[in-house]
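Colleague: Pasting a structure below so you can have a look.
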Amino acid sequence: MPNLNKVRTAASGGPGGTTAAAPSLSRLRLALTLFFALDGFVFAGWVVRIPAIKAQTESSASALGLALLGVSAGAVITMTLTARLCERFGSPRVTVVCGALLSLSIALPPLTHSPLALGLVLLVFGATYGAINVAMNSAAVDLVAALRRPVMPSFHAAFSLGGMVGAGLGGLVAGGLSPLVHLTALTVLGLLLTAVAGPMLLRESRQLTPVRSTAPAGSPPASRPRDRTETGPSSRTEATSAGSAAGASPSGAAARRERPRASPATRRTVVLFGVIALCTAYGEGALADWGPLHLQQDLGAHPGAAAAGYALFALAMTVGRLTGTTLLERLGQTRTLVAGGATAAVGMLLGSLAPTLWLALLGFAVTGLGLANIFPVAIVRAGELAGPGGVATASTLGYSGMLLGPPAIGFLAEWFSLRLALTTVAVLAATAAVLGLAAGRTRPGHARAH
């Protein structure tokens, strides 16, 4: 197994500086949480206006599906590049820049009046969306390693909470504000939040310093406190530095340049977690892009109730992720992945095939609970194994699910029905459960991907 990096905290008070660094780590966690919330808030604001933008651009279901492809295509294109930028400049810096760009790009969709123009501006929106996801997840991997607790779900809970608030507000203003006014207001709010959280993130991130492991290749990782999410005696895997905050530090830059190349076994494990992310991102993207339309078109829901459907899904994901750290500490990563995939599969079958609005909403909620912690676990494991490059690989595969999802569901909706198209979410959620079980039995080098 390749040498893997650890992250220690350093404070001005002395070596290690655990006590002095704790407040800085708390402020860093708060700043990073705000960026995750911003990401979800902006994305949900776009999602709830899709029906209005569809009417404005006079798009058919298939044309809308192709236009929505721009979001995922833009994200996938920029993710690998973002990983390199994180390695060079540090994940916090890239996060702040991408937060501003994401806020600006959300104002573009309501300026379009054709499916082609919509697809092009969604390419730009998707590029900023993908970039900030790689950057802030890489920074979060660094912080998780420093805290030595499985707190990644809490960051994704902030994303879901932002999505819930964004969808809820979007539903309230959908009947009174045009998409242009609504999304332009999101731009202003996003820029204000970036101006507040950005300096805090940059300042406090200097407390994290990547430290290169000196263990020889193939040897067991250096000793560290046992993580209660590990459920097997050979499941110890060292947390890899995400190359974040030390971007301004010469020693941090040197550590990133000296990072050893991952072994083939490690790369295969990263890809496996990426495929798990793909299966779940497909479901999240499907409910975001097509869930409100399903409730409105197939079940006759009012536009506000249709928007509330996605808000309920986001609320369920928020609750699931807020309890995710406790769940991981009790069940471990493998059981969490398997149980989540199975739950989401059952929930989506109910959400897509239910004959009434209330049953469909219940299905959306169950799906949200099931999907809640799968993507965060997959991303953090990939990041621990391979740093920002691992985050980028898993995220790229994950957003490939969104890349495939919108057009696939759009075409299936035209050939068969939207109800049947949405059952593919259940199929892929079940696949994620099976792959999660396989990931728990995979051992790259001497460490289990678990």
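FYI, nothing fancy with the structure tokens labels: chains A, B, ... in order, residues from 1 per chain, ligands from 1 as they appear.
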Please give the complete set of residues from region 93-143 of chain A that DSSP, run on the backbone, assigns to alpha helix (DSSP H), formatted as a PDB file with all heavy atoms, in the first residue's frame.
Modeller:
ATOM      1  N   ARG A  93      -8.817  28.085  -0.538  1.00  0.00           N
ATOM      2  CA  ARG A  93      -8.801  29.186  -1.506  1.00  0.00           C
ATOM      3  C   ARG A  93      -9.707  28.896  -2.686  1.00  0.00           C
ATOM      4  O   ARG A  93     -10.477  29.759  -3.131  1.00  0.00           O
ATOM      5  CB  ARG A  93      -7.372  29.423  -1.997  1.00  0.00           C
ATOM      6  CG  ARG A  93      -6.430  30.012  -0.973  1.00  0.00           C
ATOM      7  CD  ARG A  93      -5.067  30.221  -1.590  1.00  0.00           C
ATOM      8  NE  ARG A  93      -4.125  30.804  -0.644  1.00  0.00           N
ATOM      9  CZ  ARG A  93      -2.855  31.062  -0.927  1.00  0.00           C
ATOM     10  NH1 ARG A  93      -2.379  30.770  -2.128  1.00  0.00           N
ATOM     11  NH2 ARG A  93      -2.052  31.592  -0.020  1.00  0.00           N
ATOM     12  N   VAL A  94      -9.621  27.678  -3.194  1.00  0.00           N
ATOM     13  CA  VAL A  94     -10.443  27.308  -4.348  1.00  0.00           C
ATOM     14  C   VAL A  94     -11.918  27.317  -3.961  1.00  0.00           C
ATOM     15  O   VAL A  94     -12.785  27.721  -4.747  1.00  0.00           O
ATOM     16  CB  VAL A  94     -10.016  25.931  -4.894  1.00  0.00           C
ATOM     17  CG1 VAL A  94     -10.879  25.529  -6.089  1.00  0.00           C
ATOM     18  CG2 VAL A  94      -8.544  25.949  -5.299  1.00  0.00           C
ATOM     19  N   THR A  95     -12.233  26.905  -2.741  1.00  0.00           N
ATOM     20  CA  THR A  95     -13.620  26.909  -2.269  1.00  0.00           C
ATOM     21  C   THR A  95     -14.208  28.312  -2.284  1.00  0.00           C
ATOM     22  O   THR A  95     -15.342  28.530  -2.742  1.00  0.00           O
ATOM     23  CB  THR A  95     -13.702  26.328  -0.846  1.00  0.00           C
ATOM     24  OG1 THR A  95     -13.261  24.969  -0.856  1.00  0.00           O
ATOM     25  CG2 THR A  95     -15.127  26.389  -0.308  1.00  0.00           C
ATOM     26  N   VAL A  96     -13.450  29.285  -1.793  1.00  0.00           N
ATOM     27  CA  VAL A  96     -13.944  30.664  -1.725  1.00  0.00           C
ATOM     28  C   VAL A  96     -14.184  31.224  -3.127  1.00  0.00           C
ATOM     29  O   VAL A  96     -15.232  31.835  -3.399  1.00  0.00           O
ATOM     30  CB  VAL A  96     -12.951  31.551  -0.948  1.00  0.00           C
ATOM     31  CG1 VAL A  96     -13.382  33.016  -1.013  1.00  0.00           C
ATOM     32  CG2 VAL A  96     -12.854  31.093   0.500  1.00  0.00           C
ATOM     33  N   VAL A  97     -13.235  31.017  -4.037  1.00  0.00           N
ATOM     34  CA  VAL A  97     -13.395  31.517  -5.411  1.00  0.00           C
ATOM     35  C   VAL A  97     -14.603  30.872  -6.075  1.00  0.00           C
ATOM     36  O   VAL A  97     -15.422  31.556  -6.718  1.00  0.00           O
ATOM     37  CB  VAL A  97     -12.119  31.251  -6.229  1.00  0.00           C
ATOM     38  CG1 VAL A  97     -12.346  31.583  -7.694  1.00  0.00           C
ATOM     39  CG2 VAL A  97     -10.950  32.065  -5.678  1.00  0.00           C
ATOM     40  N   CYS A  98     -14.747  29.571  -5.896  1.00  0.00           N
ATOM     41  CA  CYS A  98     -15.871  28.866  -6.531  1.00  0.00           C
ATOM     42  C   CYS A  98     -17.205  29.258  -5.917  1.00  0.00           C
ATOM     43  O   CYS A  98     -18.240  29.246  -6.595  1.00  0.00           O
ATOM     44  CB  CYS A  98     -15.664  27.364  -6.427  1.00  0.00           C
ATOM     45  SG  CYS A  98     -14.309  26.738  -7.437  1.00  0.00           S
ATOM     46  N   GLY A  99     -17.215  29.616  -4.615  1.00  0.00           N
ATOM     47  CA  GLY A  99     -18.452  30.085  -3.997  1.00  0.00           C
ATOM     48  C   GLY A  99     -18.963  31.350  -4.664  1.00  0.00           C
ATOM     49  O   GLY A  99     -20.165  31.503  -4.912  1.00  0.00           O
ATOM     50  N   ALA A 100     -18.040  32.261  -4.985  1.00  0.00           N
ATOM     51  CA  ALA A 100     -18.436  33.497  -5.664  1.00  0.00           C
ATOM     52  C   ALA A 100     -18.912  33.211  -7.085  1.00  0.00           C
ATOM     53  O   ALA A 100     -19.928  33.756  -7.540  1.00  0.00           O
ATOM     54  CB  ALA A 100     -17.260  34.473  -5.683  1.00  0.00           C
ATOM     55  N   LEU A 101     -18.197  32.337  -7.794  1.00  0.00           N
ATOM     56  CA  LEU A 101     -18.576  32.022  -9.178  1.00  0.00           C
ATOM     57  C   LEU A 101     -19.917  31.297  -9.247  1.00  0.00           C
ATOM     58  O   LEU A 101     -20.727  31.549 -10.141  1.00  0.00           O
ATOM     59  CB  LEU A 101     -17.481  31.186  -9.838  1.00  0.00           C
ATOM     60  CG  LEU A 101     -16.133  31.892 -10.051  1.00  0.00           C
ATOM     61  CD1 LEU A 101     -15.108  30.910 -10.635  1.00  0.00           C
ATOM     62  CD2 LEU A 101     -16.295  33.099 -10.967  1.00  0.00           C
ATOM     63  N   LEU A 102     -20.154  30.388  -8.294  1.00  0.00           N
ATOM     64  CA  LEU A 102     -21.434  29.684  -8.256  1.00  0.00           C
ATOM     65  C   LEU A 102     -22.577  30.664  -8.056  1.00  0.00           C
ATOM     66  O   LEU A 102     -23.625  30.572  -8.713  1.00  0.00           O
ATOM     67  CB  LEU A 102     -21.416  28.647  -7.130  1.00  0.00           C
ATOM     68  CG  LEU A 102     -22.718  27.876  -6.911  1.00  0.00           C
ATOM     69  CD1 LEU A 102     -22.967  26.902  -8.055  1.00  0.00           C
ATOM     70  CD2 LEU A 102     -22.681  27.119  -5.579  1.00  0.00           C
ATOM     71  N   SER A 103     -22.384  31.617  -7.152  1.00  0.00           N
ATOM     72  CA  SER A 103     -23.427  32.616  -6.878  1.00  0.00           C
ATOM     73  C   SER A 103     -23.738  33.455  -8.114  1.00  0.00           C
ATOM     74  O   SER A 103     -24.896  33.795  -8.372  1.00  0.00           O
ATOM     75  CB  SER A 103     -22.986  33.519  -5.725  1.00  0.00           C
ATOM     76  OG  SER A 103     -22.754  32.766  -4.561  1.00  0.00           O
ATOM     77  N   LEU A 104     -22.721  33.788  -8.881  1.00  0.00           N
ATOM     78  CA  LEU A 104     -22.936  34.572 -10.099  1.00  0.00           C
ATOM     79  C   LEU A 104     -23.631  33.760 -11.186  1.00  0.00           C
ATOM     80  O   LEU A 104     -24.502  34.257 -11.906  1.00  0.00           O
ATOM     81  CB  LEU A 104     -21.591  35.093 -10.620  1.00  0.00           C
ATOM     82  CG  LEU A 104     -20.907  36.160  -9.758  1.00  0.00           C
ATOM     83  CD1 LEU A 104     -19.495  36.410 -10.268  1.00  0.00           C
ATOM     84  CD2 LEU A 104     -21.707  37.457  -9.753  1.00  0.00           C
ATOM     85  N   SER A 105     -23.281  32.482 -11.298  1.00  0.00           N
ATOM     86  CA  SER A 105     -23.798  31.673 -12.413  1.00  0.00           C
ATOM     87  C   SER A 105     -25.268  31.314 -12.259  1.00  0.00           C
ATOM     88  O   SER A 105     -25.943  31.015 -13.252  1.00  0.00           O
ATOM     89  CB  SER A 105     -22.968  30.389 -12.554  1.00  0.00           C
ATOM     90  OG  SER A 105     -23.134  29.550 -11.425  1.00  0.00           O
ATOM     91  N   PRO A 115     -34.073  25.850 -25.512  1.00  0.00           N
ATOM     92  CA  PRO A 115     -33.378  24.726 -24.869  1.00  0.00           C
ATOM     93  C   PRO A 115     -31.867  24.774 -25.078  1.00  0.00           C
ATOM     94  O   PRO A 115     -31.107  24.432 -24.171  1.00  0.00           O
ATOM     95  CB  PRO A 115     -34.001  23.495 -25.543  1.00  0.00           C
ATOM     96  CG  PRO A 115     -35.341  23.954 -26.020  1.00  0.00           C
ATOM     97  CD  PRO A 115     -35.152  25.387 -26.410  1.00  0.00           C
ATOM     98  N   LEU A 116     -31.417  25.206 -26.279  1.00  0.00           N
ATOM     99  CA  LEU A 116     -29.981  25.262 -26.547  1.00  0.00           C
ATOM    100  C   LEU A 116     -29.294  26.286 -25.642  1.00  0.00           C
ATOM    101  O   LEU A 116     -28.251  26.000 -25.033  1.00  0.00           O
ATOM    102  CB  LEU A 116     -29.736  25.619 -28.015  1.00  0.00           C
ATOM    103  CG  LEU A 116     -28.262  25.802 -28.422  1.00  0.00           C
ATOM    104  CD1 LEU A 116     -27.479  24.522 -28.150  1.00  0.00           C
ATOM    105  CD2 LEU A 116     -28.172  26.219 -29.892  1.00  0.00           C
ATOM    106  N   ALA A 117     -29.873  27.475 -25.550  1.00  0.00           N
ATOM    107  CA  ALA A 117     -29.288  28.504 -24.687  1.00  0.00           C
ATOM    108  C   ALA A 117     -29.296  28.065 -23.229  1.00  0.00           C
ATOM    109  O   ALA A 117     -28.329  28.299 -22.485  1.00  0.00           O
ATOM    110  CB  ALA A 117     -30.052  29.818 -24.851  1.00  0.00           C
ATOM    111  N   LEU A 118     -30.360  27.400 -22.825  1.00  0.00           N
ATOM    112  CA  LEU A 118     -30.435  26.907 -21.453  1.00  0.00           C
ATOM    113  C   LEU A 118     -29.329  25.892 -21.193  1.00  0.00           C
ATOM    114  O   LEU A 118     -28.654  25.942 -20.150  1.00  0.00           O
ATOM    115  CB  LEU A 118     -31.805  26.272 -21.199  1.00  0.00           C
ATOM    116  CG  LEU A 118     -32.013  25.661 -19.808  1.00  0.00           C
ATOM    117  CD1 LEU A 118     -31.880  26.730 -18.721  1.00  0.00           C
ATOM    118  CD2 LEU A 118     -33.377  24.973 -19.732  1.00  0.00           C
ATOM    119  N   GLY A 119     -29.127  24.976 -22.132  1.00  0.00           N
ATOM    120  CA  GLY A 119     -28.069  23.984 -21.965  1.00  0.00           C
ATOM    121  C   GLY A 119     -26.695  24.610 -21.841  1.00  0.00           C
ATOM    122  O   GLY A 119     -25.857  24.163 -21.050  1.00  0.00           O
ATOM    123  N   LEU A 120     -26.444  25.668 -22.607  1.00  0.00           N
ATOM    124  CA  LEU A 120     -25.133  26.322 -22.576  1.00  0.00           C
ATOM    125  C   LEU A 120     -24.877  27.023 -21.241  1.00  0.00           C
ATOM    126  O   LEU A 120     -23.777  26.937 -20.676  1.00  0.00           O
ATOM    127  CB  LEU A 120     -25.024  27.321 -23.733  1.00  0.00           C
ATOM    128  CG  LEU A 120     -24.959  26.706 -25.140  1.00  0.00           C
ATOM    129  CD1 LEU A 120     -24.960  27.794 -26.198  1.00  0.00           C
ATOM    130  CD2 LEU A 120     -23.729  25.813 -25.288  1.00  0.00           C
ATOM    131  N   VAL A 121     -25.876  27.735 -20.723  1.00  0.00           N
ATOM    132  CA  VAL A 121     -25.655  28.416 -19.446  1.00  0.00           C
ATOM    133  C   VAL A 121     -25.610  27.413 -18.293  1.00  0.00           C
ATOM    134  O   VAL A 121     -24.909  27.630 -17.298  1.00  0.00           O
ATOM    135  CB  VAL A 121     -26.719  29.504 -19.185  1.00  0.00           C
ATOM    136  CG1 VAL A 121     -26.710  30.546 -20.275  1.00  0.00           C
ATOM    137  CG2 VAL A 121     -28.094  28.918 -18.990  1.00  0.00           C
ATOM    138  N   LEU A 122     -26.330  26.298 -18.434  1.00  0.00           N
ATOM    139  CA  LEU A 122     -26.247  25.270 -17.402  1.00  0.00           C
ATOM    140  C   LEU A 122     -24.884  24.587 -17.407  1.00  0.00           C
ATOM    141  O   LEU A 122     -24.445  24.054 -16.381  1.00  0.00           O
ATOM    142  CB  LEU A 122     -27.365  24.231 -17.584  1.00  0.00           C
ATOM    143  CG  LEU A 122     -28.778  24.725 -17.267  1.00  0.00           C
ATOM    144  CD1 LEU A 122     -29.792  23.595 -17.453  1.00  0.00           C
ATOM    145  CD2 LEU A 122     -28.867  25.287 -15.843  1.00  0.00           C
ATOM    146  N   LEU A 123     -24.211  24.614 -18.542  1.00  0.00           N
ATOM    147  CA  LEU A 123     -22.838  24.115 -18.595  1.00  0.00           C
ATOM    148  C   LEU A 123     -21.938  24.960 -17.690  1.00  0.00           C
ATOM    149  O   LEU A 123     -21.093  24.434 -16.948  1.00  0.00           O
ATOM    150  CB  LEU A 123     -22.335  24.150 -20.038  1.00  0.00           C
ATOM    151  CG  LEU A 123     -21.037  23.416 -20.349  1.00  0.00           C
ATOM    152  CD1 LEU A 123     -21.206  21.918 -20.188  1.00  0.00           C
ATOM    153  CD2 LEU A 123     -20.583  23.741 -21.769  1.00  0.00           C
ATOM    154  N   VAL A 124     -22.132  26.279 -17.733  1.00  0.00           N
ATOM    155  CA  VAL A 124     -21.357  27.183 -16.875  1.00  0.00           C
ATOM    156  C   VAL A 124     -21.735  26.976 -15.411  1.00  0.00           C
ATOM    157  O   VAL A 124     -20.869  26.877 -14.528  1.00  0.00           O
ATOM    158  CB  VAL A 124     -21.605  28.654 -17.286  1.00  0.00           C
ATOM    159  CG1 VAL A 124     -20.887  29.607 -16.339  1.00  0.00           C
ATOM    160  CG2 VAL A 124     -21.163  28.878 -18.723  1.00  0.00           C
ATOM    161  N   PHE A 125     -23.028  26.916 -15.143  1.00  0.00           N
ATOM    162  CA  PHE A 125     -23.494  26.681 -13.775  1.00  0.00           C
ATOM    163  C   PHE A 125     -22.945  25.363 -13.235  1.00  0.00           C
ATOM    164  O   PHE A 125     -22.469  25.281 -12.093  1.00  0.00           O
ATOM    165  CB  PHE A 125     -25.022  26.685 -13.744  1.00  0.00           C
ATOM    166  CG  PHE A 125     -25.609  26.327 -12.406  1.00  0.00           C
ATOM    167  CD1 PHE A 125     -25.424  27.149 -11.301  1.00  0.00           C
ATOM    168  CD2 PHE A 125     -26.353  25.174 -12.252  1.00  0.00           C
ATOM    169  CE1 PHE A 125     -25.966  26.820 -10.069  1.00  0.00           C
ATOM    170  CE2 PHE A 125     -26.903  24.833 -11.025  1.00  0.00           C
ATOM    171  CZ  PHE A 125     -26.712  25.657  -9.929  1.00  0.00           C
ATOM    172  N   GLY A 126     -22.990  24.318 -14.062  1.00  0.00           N
ATOM    173  CA  GLY A 126     -22.483  23.010 -13.645  1.00  0.00           C
ATOM    174  C   GLY A 126     -20.992  23.014 -13.381  1.00  0.00           C
ATOM    175  O   GLY A 126     -20.513  22.341 -12.470  1.00  0.00           O
ATOM    176  N   ALA A 127     -20.242  23.786 -14.172  1.00  0.00           N
ATOM    177  CA  ALA A 127     -18.792  23.864 -13.967  1.00  0.00           C
ATOM    178  C   ALA A 127     -18.475  24.442 -12.595  1.00  0.00           C
ATOM    179  O   ALA A 127     -17.611  23.936 -11.866  1.00  0.00           O
ATOM    180  CB  ALA A 127     -18.156  24.712 -15.063  1.00  0.00           C
ATOM    181  N   THR A 128     -19.161  25.509 -12.202  1.00  0.00           N
ATOM    182  CA  THR A 128     -18.910  26.105 -10.887  1.00  0.00           C
ATOM    183  C   THR A 128     -19.415  25.206  -9.768  1.00  0.00           C
ATOM    184  O   THR A 128     -18.790  25.099  -8.706  1.00  0.00           O
ATOM    185  CB  THR A 128     -19.583  27.484 -10.787  1.00  0.00           C
ATOM    186  OG1 THR A 128     -21.007  27.354 -10.949  1.00  0.00           O
ATOM    187  CG2 THR A 128     -19.048  28.413 -11.864  1.00  0.00           C
ATOM    188  N   TYR A 129     -20.524  24.530 -10.018  1.00  0.00           N
ATOM    189  CA  TYR A 129     -21.103  23.625  -9.024  1.00  0.00           C
ATOM    190  C   TYR A 129     -20.169  22.440  -8.773  1.00  0.00           C
ATOM    191  O   TYR A 129     -19.919  22.062  -7.618  1.00  0.00           O
ATOM    192  CB  TYR A 129     -22.474  23.148  -9.516  1.00  0.00           C
ATOM    193  CG  TYR A 129     -23.185  22.212  -8.581  1.00  0.00           C
ATOM    194  CD1 TYR A 129     -23.723  22.675  -7.387  1.00  0.00           C
ATOM    195  CD2 TYR A 129     -23.341  20.871  -8.906  1.00  0.00           C
ATOM    196  CE1 TYR A 129     -24.394  21.813  -6.534  1.00  0.00           C
ATOM    197  CE2 TYR A 129     -24.008  20.006  -8.055  1.00  0.00           C
ATOM    198  CZ  TYR A 129     -24.535  20.476  -6.866  1.00  0.00           C
ATOM    199  OH  TYR A 129     -25.193  19.624  -6.023  1.00  0.00           O
ATOM    200  N   GLY A 130     -19.636  21.855  -9.834  1.00  0.00           N
ATOM    201  CA  GLY A 130     -18.712  20.740  -9.673  1.00  0.00           C
ATOM    202  C   GLY A 130     -17.421  21.160  -8.999  1.00  0.00           C
ATOM    203  O   GLY A 130     -16.875  20.442  -8.159  1.00  0.00           O
ATOM    204  N   ALA A 131     -16.925  22.333  -9.360  1.00  0.00           N
ATOM    205  CA  ALA A 131     -15.659  22.811  -8.799  1.00  0.00           C
ATOM    206  C   ALA A 131     -15.768  23.029  -7.292  1.00  0.00           C
ATOM    207  O   ALA A 131     -14.881  22.622  -6.529  1.00  0.00           O
ATOM    208  CB  ALA A 131     -15.238  24.096  -9.497  1.00  0.00           C
ATOM    209  N   ILE A 132     -16.840  23.674  -6.841  1.00  0.00           N
ATOM    210  CA  ILE A 132     -16.942  23.938  -5.411  1.00  0.00           C
ATOM    211  C   ILE A 132     -17.146  22.646  -4.631  1.00  0.00           C
ATOM    212  O   ILE A 132     -16.692  22.509  -3.482  1.00  0.00           O
ATOM    213  CB  ILE A 132     -18.070  24.954  -5.099  1.00  0.00           C
ATOM    214  CG1 ILE A 132     -17.924  25.458  -3.652  1.00  0.00           C
ATOM    215  CG2 ILE A 132     -19.443  24.352  -5.323  1.00  0.00           C
ATOM    216  CD1 ILE A 132     -18.885  26.573  -3.293  1.00  0.00           C
ATOM    217  N   ASN A 133     -17.790  21.657  -5.245  1.00  0.00           N
ATOM    218  CA  ASN A 133     -17.984  20.386  -4.549  1.00  0.00           C
ATOM    219  C   ASN A 133     -16.664  19.667  -4.314  1.00  0.00           C
ATOM    220  O   ASN A 133     -16.434  19.110  -3.248  1.00  0.00           O
ATOM    221  CB  ASN A 133     -18.961  19.504  -5.327  1.00  0.00           C
ATOM    222  CG  ASN A 133     -20.394  19.767  -4.943  1.00  0.00           C
ATOM    223  OD1 ASN A 133     -20.919  19.175  -4.013  1.00  0.00           O
ATOM    224  ND2 ASN A 133     -21.048  20.690  -5.649  1.00  0.00           N
ATOM    225  N   VAL A 134     -15.783  19.649  -5.308  1.00  0.00           N
ATOM    226  CA  VAL A 134     -14.473  19.024  -5.117  1.00  0.00           C
ATOM    227  C   VAL A 134     -13.664  19.794  -4.079  1.00  0.00           C
ATOM    228  O   VAL A 134     -13.062  19.209  -3.168  1.00  0.00           O
ATOM    229  CB  VAL A 134     -13.700  18.944  -6.445  1.00  0.00           C
ATOM    230  CG1 VAL A 134     -12.244  18.528  -6.207  1.00  0.00           C
ATOM    231  CG2 VAL A 134     -14.364  17.951  -7.389  1.00  0.00           C
ATOM    232  N   ALA A 135     -13.664  21.114  -4.178  1.00  0.00           N
ATOM    233  CA  ALA A 135     -12.836  21.934  -3.294  1.00  0.00           C
ATOM    234  C   ALA A 135     -13.276  21.819  -1.840  1.00  0.00           C
ATOM    235  O   ALA A 135     -12.465  21.586  -0.937  1.00  0.00           O
ATOM    236  CB  ALA A 135     -12.873  23.387  -3.753  1.00  0.00           C
ATOM    237  N   MET A 136     -14.561  21.980  -1.590  1.00  0.00           N
ATOM    238  CA  MET A 136     -14.995  21.971  -0.196  1.00  0.00           C
ATOM    239  C   MET A 136     -14.992  20.565   0.392  1.00  0.00           C
ATOM    240  O   MET A 136     -14.743  20.389   1.599  1.00  0.00           O
ATOM    241  CB  MET A 136     -16.383  22.625  -0.052  1.00  0.00           C
ATOM    242  CG  MET A 136     -17.518  21.905  -0.701  1.00  0.00           C
ATOM    243  SD  MET A 136     -19.040  22.913  -0.601  1.00  0.00           S
ATOM    244  CE  MET A 136     -20.224  21.770  -1.339  1.00  0.00           C
ATOM    245  N   ASN A 137     -15.213  19.532  -0.417  1.00  0.00           N
ATOM    246  CA  ASN A 137     -15.101  18.171   0.095  1.00  0.00           C
ATOM    247  C   ASN A 137     -13.655  17.821   0.409  1.00  0.00           C
ATOM    248  O   ASN A 137     -13.378  17.108   1.372  1.00  0.00           O
ATOM    249  CB  ASN A 137     -15.693  17.169  -0.903  1.00  0.00           C
ATOM    250  CG  ASN A 137     -17.184  16.988  -0.721  1.00  0.00           C
ATOM    251  OD1 ASN A 137     -17.631  16.427   0.280  1.00  0.00           O
ATOM    252  ND2 ASN A 137     -17.971  17.467  -1.677  1.00  0.00           N
ATOM    253  N   SER A 138     -12.723  18.314  -0.399  1.00  0.00           N
ATOM    254  CA  SER A 138     -11.309  18.089  -0.109  1.00  0.00           C
ATOM    255  C   SER A 138     -10.910  18.761   1.196  1.00  0.00           C
ATOM    256  O   SER A 138     -10.198  18.182   2.024  1.00  0.00           O
ATOM    257  CB  SER A 138     -10.441  18.620  -1.259  1.00  0.00           C
ATOM    258  OG  SER A 138     -10.682  17.903  -2.445  1.00  0.00           O
ATOM    259  N   ALA A 139     -11.368  19.981   1.405  1.00  0.00           N
ATOM    260  CA  ALA A 139     -11.100  20.673   2.669  1.00  0.00           C
ATOM    261  C   ALA A 139     -11.746  19.937   3.832  1.00  0.00           C
ATOM    262  O   ALA A 139     -11.174  19.839   4.928  1.00  0.00           O
ATOM    263  CB  ALA A 139     -11.605  22.109   2.590  1.00  0.00           C
ATOM    264  N   ALA A 140     -12.938  19.383   3.611  1.00  0.00           N
ATOM    265  CA  ALA A 140     -13.630  18.654   4.673  1.00  0.00           C
ATOM    266  C   ALA A 140     -12.900  17.365   5.035  1.00  0.00           C
ATOM    267  O   ALA A 140     -12.831  16.990   6.212  1.00  0.00           O
ATOM    268  CB  ALA A 140     -15.065  18.346   4.241  1.00  0.00           C
ATOM    269  N   VAL A 141     -12.337  16.675   4.041  1.00  0.00           N
ATOM    270  CA  VAL A 141     -11.556  15.464   4.317  1.00  0.00           C
ATOM    271  C   VAL A 141     -10.379  15.805   5.229  1.00  0.00           C
ATOM    272  O   VAL A 141     -10.061  15.086   6.177  1.00  0.00           O
ATOM    273  CB  VAL A 141     -11.068  14.814   3.012  1.00  0.00           C
ATOM    274  CG1 VAL A 141     -10.019  13.738   3.283  1.00  0.00           C
ATOM    275  CG2 VAL A 141     -12.247  14.199   2.257  1.00  0.00           C
ATOM    276  N   ASP A 142      -9.715  16.912   4.962  1.00  0.00           N
ATOM    277  CA  ASP A 142      -8.612  17.374   5.801  1.00  0.00           C
ATOM    278  C   ASP A 142      -9.071  17.599   7.237  1.00  0.00           C
ATOM    279  O   ASP A 142      -8.400  17.200   8.194  1.00  0.00           O
ATOM    280  CB  ASP A 142      -8.064  18.682   5.230  1.00  0.00           C
ATOM    281  CG  ASP A 142      -6.557  18.645   5.037  1.00  0.00           C
ATOM    282  OD1 ASP A 142      -5.958  17.573   5.206  1.00  0.00           O
ATOM    283  OD2 ASP A 142      -5.987  19.692   4.707  1.00  0.00           O
ATOM    284  N   LEU A 143     -10.207  18.250   7.390  1.00  0.00           N
ATOM    285  CA  LEU A 143     -10.704  18.576   8.725  1.00  0.00           C
ATOM    286  C   LEU A 143     -11.177  17.320   9.455  1.00  0.00           C
ATOM    287  O   LEU A 143     -10.958  17.169  10.665  1.00  0.00           O
ATOM    288  CB  LEU A 143     -11.842  19.593   8.628  1.00  0.00           C
ATOM    289  CG  LEU A 143     -12.431  20.083   9.957  1.00  0.00           C
ATOM    290  CD1 LEU A 143     -11.331  20.662  10.850  1.00  0.00           C
ATOM    291  CD2 LEU A 143     -13.515  21.110   9.704  1.00  0.00           C
TER     292      LEU A 143
END
Colleague: Sort by chain and increasing residue number a table of all residues of region 90-189 of chain A within 7 Å of region 320-331 of chain A, each with its closest pair of atoms and their distance in Å to one decimal, counting only C-alpha atoms, and write it as a Markdown table.
Modeller:
| residue | atom | partner | partner_atom | distance |
| --- | --- | --- | --- | --- |
| A:Pro150 | CA | A:Thr325 | CA | 5.6 |
| A:Val151 | CA | A:Thr325 | CA | 5.5 |
| A:Pro153 | CA | A:Arg321 | CA | 4.9 |
| A:Ser154 | CA | A:Leu322 | CA | 5.4 |
| A:His156 | CA | A:Arg321 | CA | 6.6 |
| A:Ala157 | CA | A:Arg321 | CA | 4.8 |
Colleague: Hey, what's within 9 Å of Ala306 (chain A) if we count only C-alpha atoms and toss same-chain stuff fewer than 2 positions away? As JSON, numbers by chain, please?
Modeller: {"A": [48, 171, 291, 292, 293, 294, 295, 296, 300, 301, 302, 303, 304, 308, 309, 310, 311]}
Colleague: Quick one: distance from CA of Ala344 (chain A) to CA of Ala413 (chain A) in Å, one decimal?
Modeller: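 Separation between CA of Ala344 (chain A) and CA of Ala413 (chain A): 20.9 Å.
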Colleague: At what distance in Å, to one decimal, does CA of Leu420 (chain A) lie from CA of Thr396 (chain A)?
Modeller: 26.6 Å
Colleague: Using only C-alpha atoms, which residues sit within 9 Å of region 179-186 of chain A once same-chain residues fewer than 5 positions away are excluded, as a list in words?
Modeller: Phe41, Val42, Gly45, Trp46, Arg49, Ala52, Ile53, Ser103, Leu104, Ile106, Ala107, Leu108, Pro109, Pro110, Leu111, Gly170, Val173, Ala174 and Leu191 of chain A
Colleague: Taking only C-alpha atoms into account, which of A:Leu437, A:Leu38, A:Ala145, A:Leu28 comes nearest Leu192 (chain A)?
Modeller: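 Closest to Leu192 (chain A) of all the choices is A:Leu38.
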Colleague: Set the distance at 8 Å and use only C-alpha atoms: which residues neighbour Ala429 (chain A) once local chain neighbours fewer than 2 positions away are removed? I'd like the list as a PyMOL selection string.
Modeller: chain A and resi 279-280+283+341-342+344-345+371+425-427+431-433
